[in-house]
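Next up, upload.txt (compact mmCIF, C-alpha atoms and all ligand atoms):
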# COMPACT_ATOMS: atom_id res chain seq x y z
CA MET A 634 87.15 53.11 121.63
CA ASN A 635 88.14 55.94 119.25
CA PRO A 636 91.61 57.34 119.93
CA ARG A 637 91.56 60.85 121.37
CA PRO A 638 92.14 63.63 118.83
CA SER A 639 95.67 65.02 118.64
CA ILE A 640 96.63 68.67 118.71
CA LEU A 641 99.85 70.68 118.69
CA VAL A 642 100.76 73.61 120.93
CA ALA A 643 103.31 75.30 118.70
CA ARG A 644 105.12 77.33 121.38
CA ALA A 645 105.77 76.83 125.09
CA ILE A 646 102.78 77.93 127.19
CA PHE A 647 101.63 77.66 130.80
CA PRO A 648 101.51 74.08 132.21
CA GLU A 649 98.00 74.53 133.60
CA VAL A 650 96.74 75.44 130.13
CA ILE A 651 98.40 72.32 128.68
CA ALA A 652 96.77 70.31 131.48
CA SER A 653 93.32 71.63 130.51
CA LEU A 654 93.95 70.54 126.92
CA ARG A 655 95.18 67.09 128.03
CA GLU A 656 91.78 66.44 129.62
CA HIS A 657 90.45 66.16 126.05
CA PHE A 658 93.29 65.56 123.60
CA GLU A 659 96.66 64.01 122.96
CA VAL A 660 98.85 67.12 123.14
CA ASP A 661 102.18 67.52 121.36
CA THR A 662 104.19 70.43 122.80
CA ASN A 663 107.24 72.45 121.81
CA ASP A 664 108.98 72.54 125.17
CA ASP A 665 112.21 73.98 123.70
CA ASP A 666 110.13 76.93 122.47
CA VAL A 667 112.19 77.30 119.31
CA ALA A 668 109.92 78.79 116.62
CA LEU A 669 109.10 76.08 114.07
CA THR A 670 109.83 76.66 110.39
CA PRO A 671 106.80 76.34 108.07
CA GLU A 672 108.09 72.89 107.04
CA GLN A 673 108.54 71.76 110.65
CA LEU A 674 105.09 73.08 111.54
CA ALA A 675 103.50 71.18 108.65
CA GLN A 676 105.36 68.04 109.64
CA ARG A 677 104.38 68.31 113.32
CA LEU A 678 100.73 68.81 112.30
CA GLN A 679 100.44 65.52 110.43
CA GLY A 680 97.64 63.47 112.00
CA LYS A 681 96.52 66.44 114.15
CA VAL A 682 93.22 68.30 114.12
CA GLY A 683 94.09 71.43 116.08
CA VAL A 684 96.93 73.84 116.75
CA LEU A 685 97.59 76.69 119.18
CA THR A 686 99.77 79.27 117.45
CA THR A 687 101.39 82.60 118.20
CA GLY A 688 102.36 85.37 115.78
CA SER A 689 105.48 83.41 114.84
CA GLU A 690 103.55 80.65 113.03
CA ARG A 691 101.78 81.25 109.74
CA VAL A 692 98.57 79.44 108.85
CA ASP A 693 98.31 79.98 105.10
CA ALA A 694 97.28 78.14 101.96
CA ALA A 695 100.55 76.19 101.79
CA LEU A 696 100.22 74.93 105.37
CA LEU A 697 96.54 74.10 104.91
CA ALA A 698 97.30 72.11 101.75
CA ALA A 699 99.98 70.18 103.62
CA CYS A 700 97.70 69.48 106.62
CA PRO A 701 94.32 68.34 105.27
CA GLY A 702 93.24 66.96 108.67
CA LEU A 703 93.49 70.32 110.44
CA ARG A 704 90.16 71.67 111.75
CA VAL A 705 91.06 74.55 114.06
CA ALA A 706 93.92 77.02 114.61
CA ALA A 707 93.74 79.15 117.76
CA ASN A 708 96.04 82.15 117.78
CA ILE A 709 97.31 83.26 121.19
CA ALA A 710 97.06 86.92 120.15
CA VAL A 711 94.36 89.39 119.26
CA GLY A 712 96.18 90.27 116.03
CA PHE A 713 95.90 87.55 113.37
CA ASN A 714 97.91 88.82 110.41
CA ASN A 715 99.73 85.46 110.55
CA PHE A 716 96.45 83.78 109.50
CA ASP A 717 95.14 83.78 105.94
CA VAL A 718 91.53 83.75 107.07
CA PRO A 719 89.93 83.45 103.60
CA ALA A 720 92.19 80.45 102.86
CA MET A 721 91.24 78.92 106.21
CA THR A 722 87.55 79.43 105.50
CA ALA A 723 87.93 77.87 102.05
CA ALA A 724 89.65 74.87 103.66
CA GLY A 725 86.96 74.61 106.37
CA VAL A 726 89.46 75.41 109.14
CA LEU A 727 88.24 77.52 112.04
CA GLY A 728 90.49 80.36 113.22
CA THR A 729 90.20 82.05 116.60
CA ASN A 730 92.02 84.91 118.36
CA THR A 731 92.12 86.39 121.88
CA PRO A 732 90.26 89.73 122.01
CA ASP A 733 89.12 91.50 125.20
CA VAL A 734 91.32 89.64 127.71
CA LEU A 735 94.32 91.82 126.82
CA THR A 736 92.66 95.18 126.17
CA GLU A 737 93.37 96.96 129.46
CA THR A 738 96.85 95.47 129.91
CA THR A 739 97.85 96.52 126.40
CA ALA A 740 96.40 100.00 126.90
CA ASP A 741 98.41 100.32 130.15
CA PHE A 742 101.55 99.48 128.20
CA GLY A 743 100.66 101.89 125.41
CA PHE A 744 100.46 104.60 128.01
CA ALA A 745 103.70 103.46 129.63
CA LEU A 746 105.41 103.79 126.25
CA ILE A 747 103.88 107.23 125.63
CA MET A 748 105.19 108.36 129.02
CA ALA A 749 108.61 106.75 128.61
CA THR A 750 109.02 108.27 125.16
CA ALA A 751 107.83 111.77 126.03
CA ARG A 752 109.84 111.88 129.25
CA ARG A 753 112.99 110.23 127.79
CA LEU A 754 113.01 107.51 130.41
CA THR A 755 115.36 104.95 128.86
CA GLU A 756 117.67 107.55 127.29
CA SER A 757 118.23 109.15 130.69
CA GLU A 758 118.63 105.78 132.40
CA HIS A 759 121.31 104.72 129.92
CA PHE A 760 123.11 108.03 130.62
CA LEU A 761 123.02 107.37 134.37
CA ARG A 762 124.09 103.72 134.06
CA ALA A 763 127.00 104.78 131.84
CA GLY A 764 128.31 106.88 134.72
CA LYS A 765 127.85 110.12 132.78
CA TRP A 766 125.76 111.93 135.43
CA ASN A 767 128.08 114.32 137.24
CA LYS A 768 125.86 117.38 137.71
CA TRP A 769 122.19 118.34 137.74
CA ALA A 770 121.12 120.78 135.00
CA LEU A 771 117.90 122.64 134.40
CA ASP A 772 117.37 121.32 130.88
CA MET A 773 118.79 117.85 131.48
CA PHE A 774 116.64 115.31 129.57
CA ALA A 775 113.82 117.84 129.37
CA GLY A 776 111.04 116.13 127.46
CA ALA A 777 107.45 116.91 126.53
CA ASP A 778 104.44 117.07 128.81
CA VAL A 779 101.88 114.31 128.48
CA HIS A 780 99.12 115.84 130.64
CA GLY A 781 97.12 118.48 128.85
CA SER A 782 98.67 117.68 125.46
CA THR A 783 96.96 116.35 122.33
CA LEU A 784 96.87 112.57 122.06
CA GLY A 785 96.41 111.20 118.55
CA ILE A 786 95.22 107.63 118.13
CA LEU A 787 95.38 105.85 114.77
CA GLY A 788 93.02 102.84 114.97
CA MET A 789 90.12 103.04 117.40
CA GLY A 790 89.18 99.48 118.29
CA ARG A 791 88.99 98.17 121.82
CA ILE A 792 92.61 98.98 122.70
CA GLY A 793 92.50 102.41 121.07
CA GLN A 794 89.40 103.24 123.09
CA ALA A 795 91.02 102.06 126.34
CA ILE A 796 93.98 104.34 125.60
CA ALA A 797 91.65 107.24 124.80
CA ARG A 798 89.94 106.77 128.16
CA ARG A 799 93.25 106.91 129.99
CA GLY A 800 94.34 110.00 128.07
CA ALA A 801 91.15 112.02 128.36
CA HIS A 802 90.00 111.02 131.83
CA GLY A 803 93.35 110.36 133.52
CA PHE A 804 95.71 112.89 131.95
CA GLY A 805 93.35 115.65 130.83
CA MET A 806 94.48 115.23 127.23
CA LYS A 807 92.65 116.39 124.16
CA VAL A 808 92.04 113.12 122.31
CA ILE A 809 91.76 112.98 118.53
CA TYR A 810 91.55 109.80 116.47
CA HIS A 811 91.36 108.44 112.98
CA ASN A 812 89.89 105.07 112.12
CA ARG A 813 88.39 103.30 109.09
CA SER A 814 84.96 103.92 110.60
CA ARG A 815 83.86 106.67 112.94
CA LEU A 816 82.60 105.71 116.40
CA ASP A 817 79.00 106.39 117.48
CA ALA A 818 78.53 109.89 118.89
CA ALA A 819 77.68 108.47 122.33
CA ILE A 820 80.94 106.50 122.47
CA GLU A 821 82.92 109.53 121.28
CA ALA A 822 81.30 111.62 124.01
CA ASP A 823 82.05 109.01 126.67
CA LEU A 824 85.69 108.79 125.56
CA ARG A 825 85.91 112.57 125.00
CA ALA A 826 87.51 111.79 121.63
CA SER A 827 87.07 113.68 118.35
CA TYR A 828 87.25 112.14 114.88
CA VAL A 829 89.70 113.82 112.48
CA SER A 830 91.21 113.00 109.08
CA LYS A 831 94.51 111.13 109.04
CA ASP A 832 96.23 114.30 107.87
CA GLN A 833 94.77 116.35 110.77
CA LEU A 834 95.80 113.59 113.14
CA LEU A 835 99.40 113.71 111.93
CA GLN A 836 99.53 117.50 112.07
CA GLN A 837 97.83 118.06 115.42
CA ALA A 838 99.00 115.22 117.68
CA ASP A 839 101.64 115.92 120.30
CA HIS A 840 101.78 112.19 120.97
CA LEU A 841 100.64 109.80 118.26
CA ILE A 842 99.98 106.15 119.07
CA LEU A 843 99.31 103.41 116.52
CA VAL A 844 96.78 100.75 117.45
CA LEU A 845 95.51 99.57 114.06
CA PRO A 846 95.64 96.03 112.66
CA TYR A 847 98.33 95.15 110.12
CA SER A 848 97.12 94.46 106.59
CA ALA A 849 98.15 95.23 103.02
CA GLU A 850 96.38 98.62 103.42
CA SER A 851 98.14 99.53 106.66
CA HIS A 852 101.62 98.52 105.44
CA HIS A 853 103.84 101.59 105.93
CA ALA A 854 100.83 103.69 106.97
CA ILE A 855 103.51 105.78 108.67
CA GLY A 856 106.44 106.46 106.33
CA ALA A 857 108.60 109.45 105.45
CA ALA A 858 105.68 111.45 104.00
CA GLU A 859 103.49 110.95 107.08
CA ILE A 860 106.35 111.72 109.48
CA ALA A 861 106.94 114.94 107.55
CA ARG A 862 103.37 116.01 108.42
CA MET A 863 104.03 115.63 112.18
CA LYS A 864 105.19 118.36 114.56
CA PRO A 865 108.96 118.40 115.11
CA THR A 866 108.19 118.15 118.83
CA ALA A 867 105.86 115.16 118.42
CA THR A 868 106.40 111.60 119.63
CA LEU A 869 105.28 108.43 117.87
CA VAL A 870 104.44 105.13 119.59
CA ASN A 871 103.77 101.81 117.81
CA ILE A 872 102.22 98.98 119.83
CA ALA A 873 100.28 97.57 116.86
CA ARG A 874 102.41 95.55 114.43
CA GLY A 875 105.73 95.82 112.70
CA GLY A 876 105.33 96.91 109.08
CA ILE A 877 102.80 99.63 109.88
CA VAL A 878 105.76 101.97 110.34
CA ASP A 879 108.57 102.21 107.79
CA ASP A 880 111.31 101.62 110.36
CA ALA A 881 114.15 102.86 108.11
CA ALA A 882 112.31 106.13 107.43
CA LEU A 883 111.55 106.53 111.13
CA ALA A 884 115.17 105.96 112.16
CA ALA A 885 116.29 108.63 109.68
CA ALA A 886 113.67 111.08 110.98
CA LEU A 887 114.69 110.44 114.59
CA ARG A 888 118.35 110.92 113.79
CA GLU A 889 117.61 114.24 112.07
CA ARG A 890 115.20 115.23 114.89
CA ARG A 891 112.34 115.69 112.43
CA ILE A 892 110.21 114.34 115.28
CA ALA A 893 111.30 114.36 118.91
CA ALA A 894 111.17 110.69 119.83
CA ALA A 895 109.53 107.31 119.28
CA GLY A 896 108.53 104.31 121.37
CA LEU A 897 108.38 100.98 119.58
CA ASP A 898 107.17 97.62 120.85
CA VAL A 899 106.88 96.03 117.39
CA PHE A 900 109.22 95.96 114.40
CA GLU A 901 109.36 95.07 110.73
CA GLY A 902 110.78 91.54 110.54
CA GLU A 903 110.96 91.13 114.35
CA PRO A 904 112.68 89.74 116.33
CA LYS A 905 115.22 91.48 114.11
CA VAL A 906 115.34 95.25 114.69
CA HIS A 907 116.44 97.72 112.01
CA PRO A 908 120.09 98.44 112.90
CA ASP A 909 119.60 102.21 112.55
CA LEU A 910 117.00 102.15 115.34
CA LEU A 911 119.60 100.66 117.67
CA THR A 912 121.93 103.60 117.21
CA VAL A 913 119.55 106.55 117.60
CA PRO A 914 119.18 107.71 121.22
CA ASN A 915 115.68 109.16 121.05
CA VAL A 916 113.78 105.89 120.76
CA VAL A 917 112.45 103.57 123.46
CA LEU A 918 112.60 99.94 122.29
CA THR A 919 110.77 96.98 123.84
CA PRO A 920 110.46 93.37 122.56
CA HIS A 921 106.73 93.03 121.72
CA ILE A 922 105.56 92.90 125.34
CA ALA A 923 102.49 95.15 125.33
CA SER A 924 100.20 92.36 126.57
CA ALA A 925 102.86 90.74 128.75
CA THR A 926 101.61 90.52 132.28
CA LEU A 927 101.46 87.01 133.68
CA ALA A 928 97.73 87.24 134.29
CA THR A 929 96.98 88.46 130.78
CA ARG A 930 99.30 86.09 128.94
CA ARG A 931 97.76 83.24 130.95
CA ALA A 932 94.25 84.44 130.06
CA MET A 933 95.22 84.65 126.37
CA ALA A 934 96.61 81.10 126.34
CA GLN A 935 93.58 79.75 128.22
CA LEU A 936 91.16 81.48 125.85
CA ALA A 937 92.97 79.91 122.87
CA ALA A 938 92.79 76.50 124.58
CA ASP A 939 89.11 76.99 125.45
CA ASN A 940 88.37 77.79 121.81
CA VAL A 941 90.00 74.53 120.69
CA ILE A 942 88.20 72.53 123.39
CA ALA A 943 84.83 74.14 122.61
CA TYR A 944 85.16 73.57 118.88
CA LEU A 945 86.50 70.04 118.89
CA THR A 946 84.19 68.77 121.66
CA GLN A 947 80.99 70.78 121.05
CA GLY A 948 81.30 72.40 117.61
CA GLN A 949 81.32 75.90 119.15
CA ALA A 950 83.89 78.65 119.62
CA LEU A 951 84.22 81.60 121.98
CA THR A 952 86.01 84.06 119.71
CA PRO A 953 85.85 82.80 116.13
CA LEU A 954 87.39 84.74 113.24
CA ASN A 955 85.42 82.88 110.56
CA PRO A 956 82.19 81.69 112.26
CA GLU A 957 80.84 80.64 108.86
CA VAL A 958 83.03 77.55 109.21
CA ILE A 959 81.06 76.55 112.32
CA ARG A 960 77.72 77.06 110.60
CA ALA A 961 78.74 75.13 107.46
C1 LIG B 1 98.55 90.42 120.11
O1 LIG B 1 97.77 89.91 120.90
O2 LIG B 1 98.24 90.62 118.93
C2 LIG B 1 99.89 90.78 120.62
O3 LIG B 1 100.56 91.61 119.75
C3 LIG B 1 100.69 89.53 120.91
O4 LIG B 1 101.05 88.96 119.70

Could you write out this file's structure as structure tokens?
Ligand code: DGY
Amino acid sequence: MNPRPSILVARAIFPEVIASLREHFEVDTNDDDVALTPEQLAQRLQGKVGVLTTGSERVDAALLAACPGLRVAANIAVGFNNFDVPAMTAAGVLGTNTPDVLTETTADFGFALIMATARRLTESEHFLRAGKWNKWALDMFAGADVHGSTLGILGMGRIGQAIARRGAHGFGMKVIYHNRSRLDAAIEADLRASYVSKDQLLQQADHLILVLPYSAESHHAIGAAEIARMKPTATLVNIARGGIVDDAALAAALRERRIAAAGLDVFEGEPKVHPDLLTVPNVVLTPHIASATLATRRAMAQLAADNVIAYLTQGQALTPLNPEVIRA
């Protein structure tokens, strides 16, 4: 009898998802959940045909060259900037991600961060916890209204559209967006969202949220020059990826009140955070948790596992990034 194929789950995930994988494969796990270095990852992948990754593991040409037996890498994330997809395709390795299952949860969090940023939620909580609250005042932690304001969305994929829906239909906001490609008129009408140039977006938004994928083109899409185009009363929220915002430039702008506030769930070089962001009061900081509800994180992990099972047992995949590998 042929031995069962071996796979690696590179980070700790839910036991029931591991159990579903063990029905088909020998499964090596990383129970300590310490992120593996590229060398450790390559070493752990020797003799294995599949891997479940998160954003902390890179699947690039160097890893692929070191792991010639690898056939599939399933990212437990919708974003896949940790995958070099052309290199994977050239090596005949299937990549998959986890779209759809996290859309609404991530949009909820985007809205939570817009609200927390505009209404100075964490800044005022820190003030209270520090025992500084000794009188009520009319202008105490006065922030900006969310309802009825202009919501700007940079990147209008599934998550951007779910945020637009919340803004327009739930909060009566005027929604404007910029994206590489414009949506169909019927979708725009349904979302009540208007397409504008990036410059108009920066100038007109009261609350600007970033929901675009990270790539060489989107690196520092928001830097000092873009921040300078924004209203001094505006807020900026990033739930997309670190590196889309120039964090040093943003920290300087926040300190000098060139914009009112920011909410950040993702950071350049995370889990490190630019030290200047830790010292400015007008920023809400969260540790990359936009999709983090138990139900959604479980669904993401199961979808990644189901992709590996489908590909290695039936030559199919549910959410492939390079389907040409399957057809080859
Ligand atoms: C995603 O799914 O891309 C989230 O950012 C988690 O990495």

List as a PyMOL selection string the protein and nucleic acid residues lying within 12 Å of ligand LIG 1 (chain B), with only C-alpha atoms and all ligand atoms counted.
chain A and resi 686-690+707-716+729-740+742-743+792+844-847+871-875+898-900+903+920-926+929-930+932-934+936-937

Would you mind listing what lies within 12 Å of Arg691 (chain A) as a ChimeraX atom specification, with only C-alpha atoms counted and same-chain residues fewer than 6 positions away left out?
/A:643,668-675,684-685,697,706-708,713-718,720-721,728

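Compared by their closest atoms to Ile651 (chain A), and using all atoms listed in the file, the residues A:Leu954, A:Ala881, A:Leu843, A:Ile942 rank with A:Ile942 nearest.
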
Counting all atoms listed in the file, closest pick from A:Gln837, A:Thr912, A:Ser639, A:Thr662 relative to Gly680 (chain A) is A:Ser639

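Computed from the coordinates, the CA of Thr868 (chain A) to CA of Val829 (chain A) distance equals 18.3 Å.
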
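Using all atoms listed in the file, the residues found no farther than 8 Å from Leu897 (chain A), other than those of its own chain fewer than 4 positions away, are Leu746, Val870, Asn871, Ile872, Val916, Val917, Leu918 and Thr919 of chain A.
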
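If you look at CA of Thr783 (chain A) and CA of Pro914 (chain A), they are 23.9 Å away from each other.
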
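Once Phe744 (chain A) and its same-chain neighbours fewer than 5 positions away are set aside, A:Thr739, A:Ala749, A:Ile796, A:Arg799, A:Gly800 remain within 9 Å of it when counting only C-alpha atoms.
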
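Take the candidates A:Ala867, A:Lys768, A:Phe658, A:Gly702 and check each one against Asn635 (chain A) using only C-alpha atoms; the shortest distance goes to A:Phe658.
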
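Distance check against Ala886 (chain A) using only C-alpha atoms: of A:Pro719, A:Gly793, A:Gly902, A:Pro865, the minimum falls on A:Pro865.
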
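Pairwise distance (CA of Ser851 (chain A), CA of Ser814 (chain A)) equals 14.4 Å.
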
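Omitting Arg704 (chain A) and its sequence neighbours fewer than 4 positions away, and counting only C-alpha atoms, the residues within 9 Å are A:Lys681, A:Val682, A:Gly683, A:Val684, A:Ala724, A:Gly725, A:Val726, A:Leu727, A:Gly728, A:Tyr944, A:Leu945.
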
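For the residues A:Ala652, A:Leu784, A:Ala795, A:Val906, ranking by smallest atom-to-atom distance to Leu835 (chain A) using only C-alpha atoms places A:Leu784 first.
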
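Candidate residues A:Arg644, A:Arg752, A:His657, A:Lys864 were compared for distance to Ile892 (chain A), and the nearest is A:Lys864, using all atoms listed in the file.
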
Can you tell me, as AutoDock Vina command-line options, the centre and edge lengths (Å, one decimal) of the axis-aligned box enclosing all of region 723-731 of chain A's listed atoms after padding each side by 3 Å?
--center_x 89.5 --center_y 80.5 --center_z 112.0 --size_x 11.2 --size_y 17.8 --size_z 25.8
